[in-house]
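Source file: work-v8.txt. Holds: compact mmCIF, C-alpha atoms (C1' of nucleotides).
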```
# COMPACT_ATOMS: atom_id res chain seq x y z
CA MET A 18 -19.91 18.24 -13.66
CA ASP A 19 -22.79 16.01 -14.66
CA ARG A 20 -20.34 13.12 -14.68
CA PHE A 21 -20.23 13.32 -10.89
CA ARG A 22 -24.00 13.46 -10.59
CA GLY A 23 -24.06 10.25 -12.62
CA VAL A 24 -21.58 8.51 -10.35
CA LEU A 25 -23.66 9.37 -7.30
CA LYS A 26 -26.90 8.27 -8.93
CA GLU A 27 -25.39 4.95 -9.97
CA ASN A 28 -24.60 4.31 -6.35
CA ASN A 29 -27.97 5.51 -5.07
CA ILE A 30 -26.42 8.41 -3.26
CA LYS A 31 -28.43 11.59 -2.94
CA CYS A 32 -26.91 14.57 -4.73
CA THR A 33 -25.92 17.52 -2.58
CA LYS A 34 -23.49 20.32 -3.25
CA GLY A 35 -21.13 18.99 -0.59
CA ARG A 36 -21.04 15.48 -1.98
CA LEU A 37 -20.52 16.66 -5.53
CA SER A 38 -17.70 18.94 -4.48
CA ILE A 39 -15.97 16.25 -2.44
CA LEU A 40 -16.29 13.69 -5.22
CA LYS A 41 -14.80 16.14 -7.70
CA ILE A 42 -11.91 16.99 -5.40
CA LEU A 43 -11.17 13.33 -4.78
CA GLU A 44 -11.32 12.47 -8.44
CA GLU A 45 -8.98 15.29 -9.37
CA ASN A 46 -6.50 14.41 -6.64
CA LYS A 47 -3.78 12.00 -7.66
CA GLU A 48 -2.50 11.80 -4.12
CA ALA A 49 -4.36 10.68 -1.06
CA ALA A 50 -5.72 13.52 1.04
CA ASN A 51 -7.10 13.81 4.53
CA ALA A 52 -10.48 15.15 5.62
CA GLU A 53 -9.06 18.51 6.64
CA ARG A 54 -7.43 19.06 3.26
CA ILE A 55 -10.63 18.15 1.45
CA TYR A 56 -12.54 20.46 3.75
CA GLU A 57 -10.18 23.30 2.85
CA LYS A 58 -10.53 22.63 -0.86
CA CYS A 59 -14.31 22.76 -0.52
CA SER A 60 -14.02 26.16 1.11
CA LYS A 61 -11.73 27.39 -1.64
CA GLU A 62 -14.34 26.38 -4.19
CA GLY A 63 -16.91 28.36 -2.23
CA VAL A 64 -18.72 25.28 -0.95
CA LYS A 65 -19.56 25.88 2.69
CA ILE A 66 -19.68 22.57 4.48
CA ASP A 67 -19.02 21.28 7.98
CA LEU A 68 -15.98 19.14 8.71
CA SER A 69 -18.19 16.47 10.22
CA THR A 70 -20.11 16.30 6.97
CA VAL A 71 -16.85 15.78 5.13
CA TYR A 72 -16.10 12.85 7.41
CA ARG A 73 -19.58 11.41 6.94
CA THR A 74 -19.32 11.79 3.18
CA LEU A 75 -15.95 10.11 3.06
CA GLU A 76 -17.32 7.28 5.16
CA LEU A 77 -20.21 6.91 2.73
CA PHE A 78 -17.97 6.96 -0.33
CA GLU A 79 -15.76 4.36 1.22
CA LYS A 80 -18.74 2.12 1.98
CA MET A 81 -19.78 2.50 -1.67
CA SER A 82 -16.23 1.58 -2.73
CA LEU A 83 -15.74 4.86 -4.56
CA ILE A 84 -12.67 5.64 -2.52
CA GLU A 85 -10.21 3.89 -0.29
CA LYS A 86 -9.58 5.01 3.27
CA PHE A 87 -6.20 4.21 4.62
CA ASP A 88 -4.63 4.56 7.96
CA ILE A 89 -1.44 6.59 7.97
CA GLY A 90 -0.81 6.37 11.69
CA GLU A 91 -1.23 8.73 14.63
CA GLY A 92 -4.96 8.23 14.33
CA LYS A 93 -5.01 9.91 10.96
CA TYR A 94 -6.49 8.78 7.69
CA ASN A 95 -6.04 9.57 4.03
CA TYR A 96 -8.58 9.05 1.31
CA LEU A 97 -7.86 8.08 -2.25
CA PHE A 98 -10.12 7.84 -5.28
CA LYS A 99 -10.32 4.26 -6.54
CA GLU A 100 -8.86 3.96 -9.97
CA HIS A 101 -5.51 2.26 -10.06
CA ASN A 102 -6.06 0.20 -6.95
CA HIS A 103 -4.43 -3.11 -6.85
CA LYS A 104 -4.65 -6.13 -4.61
CA HIS A 105 -2.29 -8.59 -3.02
CA ILE A 106 -2.67 -12.26 -2.36
CA LEU A 107 -2.07 -13.60 1.11
CA HIS A 108 -1.09 -17.21 0.70
CA CYS A 109 -1.61 -19.52 3.66
CA LYS A 110 1.29 -21.92 4.07
CA LEU A 111 -0.86 -24.46 5.87
CA CYS A 112 -4.06 -24.70 3.87
CA ASP A 113 -2.89 -23.13 0.62
CA LYS A 114 -5.93 -20.87 0.65
CA ASN A 115 -5.52 -17.42 -0.87
CA LEU A 116 -6.95 -14.27 0.67
CA GLU A 117 -7.12 -11.00 -1.19
CA ILE A 118 -6.29 -7.70 0.51
CA ASP A 119 -5.96 -4.15 -0.70
CA CYS A 120 -2.35 -3.29 -1.27
CA PRO A 121 -0.94 -2.09 2.05
CA MET A 122 1.81 -0.13 0.36
CA PRO A 123 0.07 3.27 0.28
CA GLN A 124 0.18 3.18 4.05
CA VAL A 125 3.80 2.11 4.23
CA SER A 126 4.63 4.60 1.56
CA ASP A 127 2.98 7.47 3.41
CA ILE A 128 4.58 6.47 6.69
CA ILE A 129 8.03 6.31 5.13
CA LYS A 130 7.46 9.60 3.34
CA SER A 131 6.40 11.44 6.46
CA LYS A 132 9.29 10.07 8.49
CA THR A 133 12.16 10.25 6.00
CA GLY A 134 10.99 12.23 3.00
CA PHE A 135 11.64 9.23 0.81
CA VAL A 136 9.09 8.66 -1.95
CA LEU A 137 8.63 5.05 -2.97
CA VAL A 138 8.08 4.47 -6.65
CA GLU A 139 8.52 0.77 -6.85
CA GLU A 140 8.26 -2.22 -4.62
CA GLU A 141 8.13 -5.92 -4.84
CA ILE A 142 6.36 -7.82 -2.13
CA LYS A 143 5.55 -11.39 -1.59
CA PHE A 144 3.40 -12.24 1.40
CA SER A 145 2.88 -15.58 2.93
CA GLY A 146 1.76 -16.69 6.34
CA ILE A 147 -0.93 -18.49 8.24
CA CYS A 148 -4.59 -17.66 7.86
CA LYS A 149 -7.09 -17.15 10.64
CA ASP A 150 -8.61 -20.60 10.37
CA CYS A 151 -5.31 -22.43 10.31
CA ALA A 152 -4.14 -20.32 13.23
CA LYS A 153 -7.12 -21.56 15.20
CA ILE A 154 -6.41 -25.18 14.33
CA ASN A 155 -2.78 -24.71 15.24
CA LYS A 156 -3.71 -23.23 18.58
CA ARG A 157 -5.94 -26.19 19.36
CA LYS A 158 -3.08 -28.56 18.58
CA GLU A 159 -0.78 -26.62 20.86
CA GLU A 160 -3.25 -26.73 23.69
CA LYS A 161 -3.44 -30.52 23.59
CA MET B 25 16.26 -9.42 38.17
CA ASP B 26 19.58 -7.67 38.57
CA ARG B 27 20.04 -8.00 34.85
CA PHE B 28 17.39 -5.35 34.37
CA ARG B 29 18.94 -3.03 36.94
CA GLY B 30 22.14 -3.32 34.90
CA VAL B 31 20.43 -2.43 31.67
CA LEU B 32 18.95 0.69 33.24
CA LYS B 33 22.25 1.73 34.80
CA GLU B 34 24.07 1.33 31.51
CA ASN B 35 21.66 3.80 30.01
CA ASN B 36 21.77 6.20 32.93
CA ILE B 37 18.17 5.58 33.78
CA LYS B 38 17.13 5.77 37.41
CA CYS B 39 15.87 2.49 38.81
CA THR B 40 12.31 2.44 40.03
CA LYS B 41 9.96 -0.46 40.58
CA GLY B 42 7.80 0.65 37.68
CA ARG B 43 10.67 0.87 35.22
CA LEU B 44 12.09 -2.48 36.26
CA SER B 45 8.71 -4.11 35.93
CA ILE B 46 8.05 -2.61 32.51
CA LEU B 47 11.50 -3.52 31.24
CA LYS B 48 11.02 -7.11 32.41
CA ILE B 49 7.60 -7.36 30.80
CA LEU B 50 8.92 -5.99 27.53
CA GLU B 51 11.89 -8.28 27.51
CA GLU B 52 9.76 -11.34 28.17
CA ASN B 53 7.25 -10.39 25.49
CA LYS B 54 7.95 -11.82 22.08
CA GLU B 55 5.09 -9.86 20.57
CA ALA B 56 4.63 -6.14 20.53
CA ALA B 57 2.29 -4.86 23.22
CA ASN B 58 0.48 -1.60 23.85
CA ALA B 59 0.68 0.63 26.91
CA GLU B 60 -2.61 -0.66 28.30
CA ARG B 61 -1.48 -4.28 28.12
CA ILE B 62 1.80 -3.45 29.84
CA TYR B 63 -0.09 -1.53 32.47
CA GLU B 64 -2.27 -4.58 33.12
CA LYS B 65 0.73 -6.86 33.39
CA CYS B 66 2.27 -4.53 35.93
CA SER B 67 -0.88 -4.72 38.01
CA LYS B 68 -0.87 -8.51 37.81
CA GLU B 69 2.66 -8.52 39.15
CA GLY B 70 1.50 -6.35 42.03
CA VAL B 71 3.29 -3.26 40.76
CA LYS B 72 0.96 -0.32 41.24
CA ILE B 73 1.72 2.28 38.62
CA ASP B 74 -0.19 4.94 36.73
CA LEU B 75 -0.95 4.55 33.05
CA SER B 76 0.66 7.91 32.34
CA THR B 77 3.86 6.66 33.96
CA VAL B 78 3.76 3.64 31.67
CA TYR B 79 3.58 5.98 28.69
CA ARG B 80 6.41 8.12 30.01
CA THR B 81 8.54 5.07 30.66
CA LEU B 82 7.92 3.69 27.20
CA GLU B 83 8.82 7.04 25.71
CA LEU B 84 12.04 7.04 27.71
CA PHE B 85 12.94 3.49 26.69
CA GLU B 86 12.33 4.33 23.09
CA LYS B 87 14.54 7.39 23.32
CA MET B 88 17.25 5.16 24.78
CA SER B 89 16.73 2.69 21.92
CA LEU B 90 15.83 -0.13 24.26
CA ILE B 91 12.54 -0.67 22.51
CA GLU B 92 10.86 0.23 19.29
CA LYS B 93 7.57 2.10 19.19
CA PHE B 94 5.47 1.43 16.17
CA ASP B 95 2.30 2.87 14.89
CA ILE B 96 -0.43 0.34 14.28
CA GLY B 97 -3.04 2.82 13.15
CA GLU B 98 -6.13 4.36 14.72
CA GLY B 99 -3.82 6.45 16.84
CA LYS B 100 -2.53 3.39 18.64
CA TYR B 101 0.99 2.23 19.27
CA ASN B 102 2.72 -1.02 20.09
CA TYR B 103 6.06 -1.39 21.79
CA LEU B 104 8.61 -4.08 21.11
CA PHE B 105 11.85 -4.94 22.86
CA LYS B 106 14.81 -4.48 20.52
CA GLU B 107 16.50 -7.73 19.85
CA HIS B 108 15.83 -9.16 16.46
CA ASN B 109 15.23 -5.83 14.81
CA HIS B 110 16.26 -5.57 11.27
CA LYS B 111 16.63 -2.75 8.79
CA HIS B 112 15.83 -2.11 5.18
CA ILE B 113 17.66 -0.16 2.58
CA LEU B 114 15.84 2.52 0.65
CA HIS B 115 17.65 2.89 -2.61
CA CYS B 116 17.26 6.16 -4.48
CA LYS B 117 16.91 5.61 -8.19
CA LEU B 118 18.23 9.06 -9.00
CA CYS B 119 21.30 9.52 -6.83
CA ASP B 120 21.96 5.90 -5.89
CA LYS B 121 22.20 6.91 -2.25
CA ASN B 122 21.03 4.37 0.31
CA LEU B 123 18.95 5.22 3.35
CA GLU B 124 18.39 2.83 6.22
CA ILE B 125 15.00 2.48 7.88
CA ASP B 126 13.59 0.17 10.52
CA CYS B 127 11.68 -2.64 8.91
CA PRO B 128 8.12 -1.41 8.41
CA MET B 129 6.74 -4.92 8.35
CA PRO B 130 5.72 -5.17 12.03
CA GLN B 131 3.27 -2.39 11.34
CA VAL B 132 1.96 -3.92 8.16
CA SER B 133 1.81 -7.26 9.86
CA ASP B 134 -0.18 -5.94 12.80
CA ILE B 135 -2.53 -4.04 10.54
CA ILE B 136 -3.19 -7.08 8.39
CA LYS B 137 -3.64 -9.24 11.46
CA SER B 138 -6.15 -6.92 13.07
CA LYS B 139 -8.13 -6.55 9.86
CA THR B 140 -8.11 -10.08 8.47
CA GLY B 141 -6.75 -12.38 11.17
CA PHE B 142 -3.94 -13.36 8.83
CA VAL B 143 -0.56 -13.82 10.49
CA LEU B 144 2.41 -13.09 8.29
CA VAL B 145 5.40 -15.34 8.76
CA GLU B 146 7.44 -14.47 5.75
CA GLU B 147 7.83 -11.64 3.34
CA GLU B 148 10.16 -10.42 0.71
CA ILE B 149 10.39 -6.75 0.03
CA LYS B 150 12.48 -4.65 -2.19
CA PHE B 151 12.12 -0.91 -1.89
CA SER B 152 13.28 1.67 -4.29
CA GLY B 153 12.25 5.20 -4.95
CA ILE B 154 13.37 8.80 -4.84
CA CYS B 155 14.98 10.34 -1.80
CA LYS B 156 14.13 13.68 -0.24
CA ASP B 157 17.01 15.55 -1.82
CA CYS B 158 16.40 14.22 -5.32
CA ALA B 159 12.71 14.95 -4.91
CA LYS B 160 13.60 18.57 -4.25
CA ILE B 161 15.85 18.77 -7.28
CA ASN B 162 13.15 17.15 -9.39
CA LYS B 163 10.60 19.65 -8.19
CA ARG B 164 12.85 22.53 -9.11
CA LYS B 165 13.25 21.11 -12.60
CA GLU B 166 9.50 20.80 -12.98
CA GLU B 167 8.95 24.35 -11.89
CA LYS B 168 11.18 25.69 -14.61
C1' DC C 186 -44.18 15.54 2.23
C1' DT C 187 -40.97 12.48 4.24
C1' DG C 188 -36.66 10.64 5.19
C1' DC C 189 -32.17 11.49 4.63
C1' DG C 190 -28.37 15.09 4.88
C1' DT C 191 -26.40 18.77 7.49
C1' DG C 192 -24.44 22.09 10.99
C1' DC C 193 -23.31 22.61 15.50
C1' DA C 194 -21.66 21.14 19.77
C1' DA C 195 -20.38 17.74 22.56
C1' DA C 196 -18.33 13.09 23.14
C1' DT C 197 -14.81 9.65 22.23
C1' DG C 198 -10.42 7.08 22.93
C1' DC C 199 -5.64 6.93 23.08
C1' DT C 200 -2.01 9.61 24.28
C1' DT C 201 0.25 13.63 26.39
C1' DT C 202 1.02 17.24 29.78
C1' DG C 203 0.99 20.34 34.19
C1' DC C 204 1.61 20.38 38.70
C1' DA C 205 2.25 19.10 43.44
C1' DT C 206 4.17 15.31 45.94
C1' DA C 207 7.10 11.21 46.61
C1' DT C 208 11.30 8.71 45.79
C1' DG C 209 16.03 7.15 44.29
C1' DT C 210 21.02 8.06 44.63
C1' DA D 173 19.31 17.22 49.90
C1' DC D 174 18.10 17.59 45.23
C1' DA D 175 16.85 16.41 40.97
C1' DT D 176 13.91 13.57 38.86
C1' DA D 177 9.93 10.19 38.80
C1' DT D 178 5.20 9.62 39.84
C1' DG D 179 0.01 10.01 40.51
C1' DC D 180 -3.82 12.47 39.45
C1' DA D 181 -6.57 15.20 36.72
C1' DA D 182 -7.05 17.75 32.87
C1' DA D 183 -5.78 18.83 28.09
C1' DG D 184 -5.00 17.47 23.05
C1' DC D 185 -6.30 15.98 18.74
C1' DA D 186 -8.37 13.57 14.75
C1' DT D 187 -12.44 11.49 14.37
C1' DT D 188 -17.26 10.27 15.62
C1' DT D 189 -21.91 10.98 17.31
C1' DG D 190 -26.57 13.11 18.98
C1' DC D 191 -29.91 16.12 17.92
C1' DA D 192 -32.81 19.54 15.77
C1' DC D 193 -33.39 21.69 11.49
C1' DG D 194 -33.18 21.83 6.27
C1' DC D 195 -33.35 20.17 1.79
C1' DA D 196 -33.53 16.60 -2.19
C1' DG D 197 -36.47 13.53 -4.57
```

Could the structure of this file be written out as structure tokens, please?
Amino acid sequence: MDRFRGVLKENNIKCTKGRLSILKILEENKEAANAERIYEKCSKEGVKIDLSTVYRTLELFEKMSLIEKFDIGEGKYNYLFKEHNHKHILHCKLCDKNLEIDCPMPQVSDIIKSKTGFVLVEEEIKFSGICKDCAKINKRKEEK
Amino acid sequence: MDRFRGVLKENNIKCTKGRLSILKILEENKEAANAERIYEKCSKEGVKIDLSTVYRTLELFEKMSLIEKFDIGEGKYNYLFKEHNHKHILHCKLCDKNLEIDCPMPQVSDIIKSKTGFVLVEEEIKFSGICKDCAKINKRKEEK
DNA sequence: CTGCGTGCAAATGCTTTGCATATGT
DNA sequence: ACATATGCAAAGCATTTGCACGCAG
């Protein structure tokens, strides 16, 4: 349990029972969970906490890069402890610049799962396109 | 303009000024648009219509498979005229069954665009995983 | 002791729905 | 004429925010 205290201290986050409990729950969870689910788990562990506090805590953890928040559609979000996160490269076809983004697959994966019950275990993706800056330049050319 | 009347008739949808206008706007739009944007375009064309009617019309068109509704996160949706829609195969690694889904890339694309300004123009994806039925069987095995 | 964290209630923003009226066929 | 489409206002729902009080450092 002191491990979690340490994590919070390292990130200059004040220790409170709620935050410790949420951190623990997130760390133990392999799968992404939503605020409600985390709220319920807190209750089960006897930690009385308000749902709004759960949201605020998750927001804080995300800002501190302890977890990743991802949008699963319908205005809902899941939260996942950062551990095996990986990135993707967006390669601009015009300027050859590379831009790094968090892997968007957890979202796709969750969407597909909720709609079809299909669980993705493997995927290969290659992204390429046109970056913001090049898009601007392109637009200017078109306007001439 | 009669083209649109025809489309509605074919689908047994009553013709109203609002529906015609929305169908026209959708057909002319290359990019996916949200209800608000469609509502604004109606107004610009002098078609007075309520936002709730726009939503109901979009819901109807989607049910009739004239358009595709896709979730772009934050509880928001975009609508796209069906024309160049393509599908993907989900291949189950356990039973070898194939499941067809609408390409999830428009969503990913819109999400990436809104967050980074990067416009995807090309992607290669290969999905494989475990289908609903096999997941069930697997679970049963684990429980033993 | 002081500022940050919290509970509670109310607000938000997009979308959906109920109901009385208007409109297409 | 009759069912169905529409406008208006109000409800839904996950998430966010304002405010007064409470607790960690």

Could you give me, as a tab-separated table (two decimals) with C-alpha atoms (C1' of nucleotides), in the coordinates of the input, the residues within 10 Å of DT187 in chain D, counting all atoms listed in the file and dropping anything in the same chain fewer than 4 positions from it?
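Result file follows (out08.tsv):
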```
chain	number	residue	atom	x	y	z
A	52	ALA	CA	-10.48	15.15	5.62
A	69	SER	CA	-18.19	16.47	10.22
A	72	TYR	CA	-16.10	12.85	7.41
A	92	GLY	CA	-4.96	8.23	14.33
A	93	LYS	CA	-5.01	9.91	10.96
A	94	TYR	CA	-6.49	8.78	7.69
B	98	GLU	CA	-6.13	4.36	14.72
C	197	DT	C1'	-14.81	9.65	22.23
C	198	DG	C1'	-10.42	7.08	22.93
```

* **Interface list for chain C, partner chain B, 10 Å threshold, only C-alpha atoms (C1' of nucleotides), as a PyMOL selection string** => chain C and resi 198-202+208-210

* Around the point (-18.0, 4.1, -1.1) in the file's coordinates, collect all residues with an atom within 12 Å, using all atoms listed in the file, and return them as a PyMOL selection string. => chain A and resi 24-25+27-30+36+40+73-86+96-99

* Could you check how far CA of Phe28 in chain B sits from C1' of DT206 in chain C, in Å to one decimal? =>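 Calculated distance between CA of Phe28 in chain B and C1' of DT206 in chain C is 27.1 Å.
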
* **Pick from D:DT176, D:DG194, D:DA182, D:DT188, whichever lies nearest to chain B using all atoms listed in the file** => D:DT176

* To do: Tell me, as a ChimeraX atom specification, which residues lie within 10 Å of Ile49 in chain B, counting all atoms listed in the file; anything in the same chain fewer than 6 positions away does not count.
  => /B:43,57,61-63,65-66,69,105

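Atom pair C1' of DT178 in chain D / CA of Ile73 in chain B: separated by 8.2 Å.
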
* Counting only C-alpha atoms (C1' of nucleotides), which residues of chain D come no farther than 12 Å from chain B, as a PyMOL selection string? -> chain D and resi 175-181+185-187

* Could you tell me how far C1' of DG197 in chain D lies from CA of Glu45 in chain A, in Å and to one decimal? =>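 That distance, rounded to one decimal, is 28.0 Å.
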
* Given all atoms listed in the file as the counted atoms, nearest of B:Gly97, B:Lys48, B:Lys72, B:Asn102 to chain A ->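 Of all the options, B:Gly97 lies closest to chain A.
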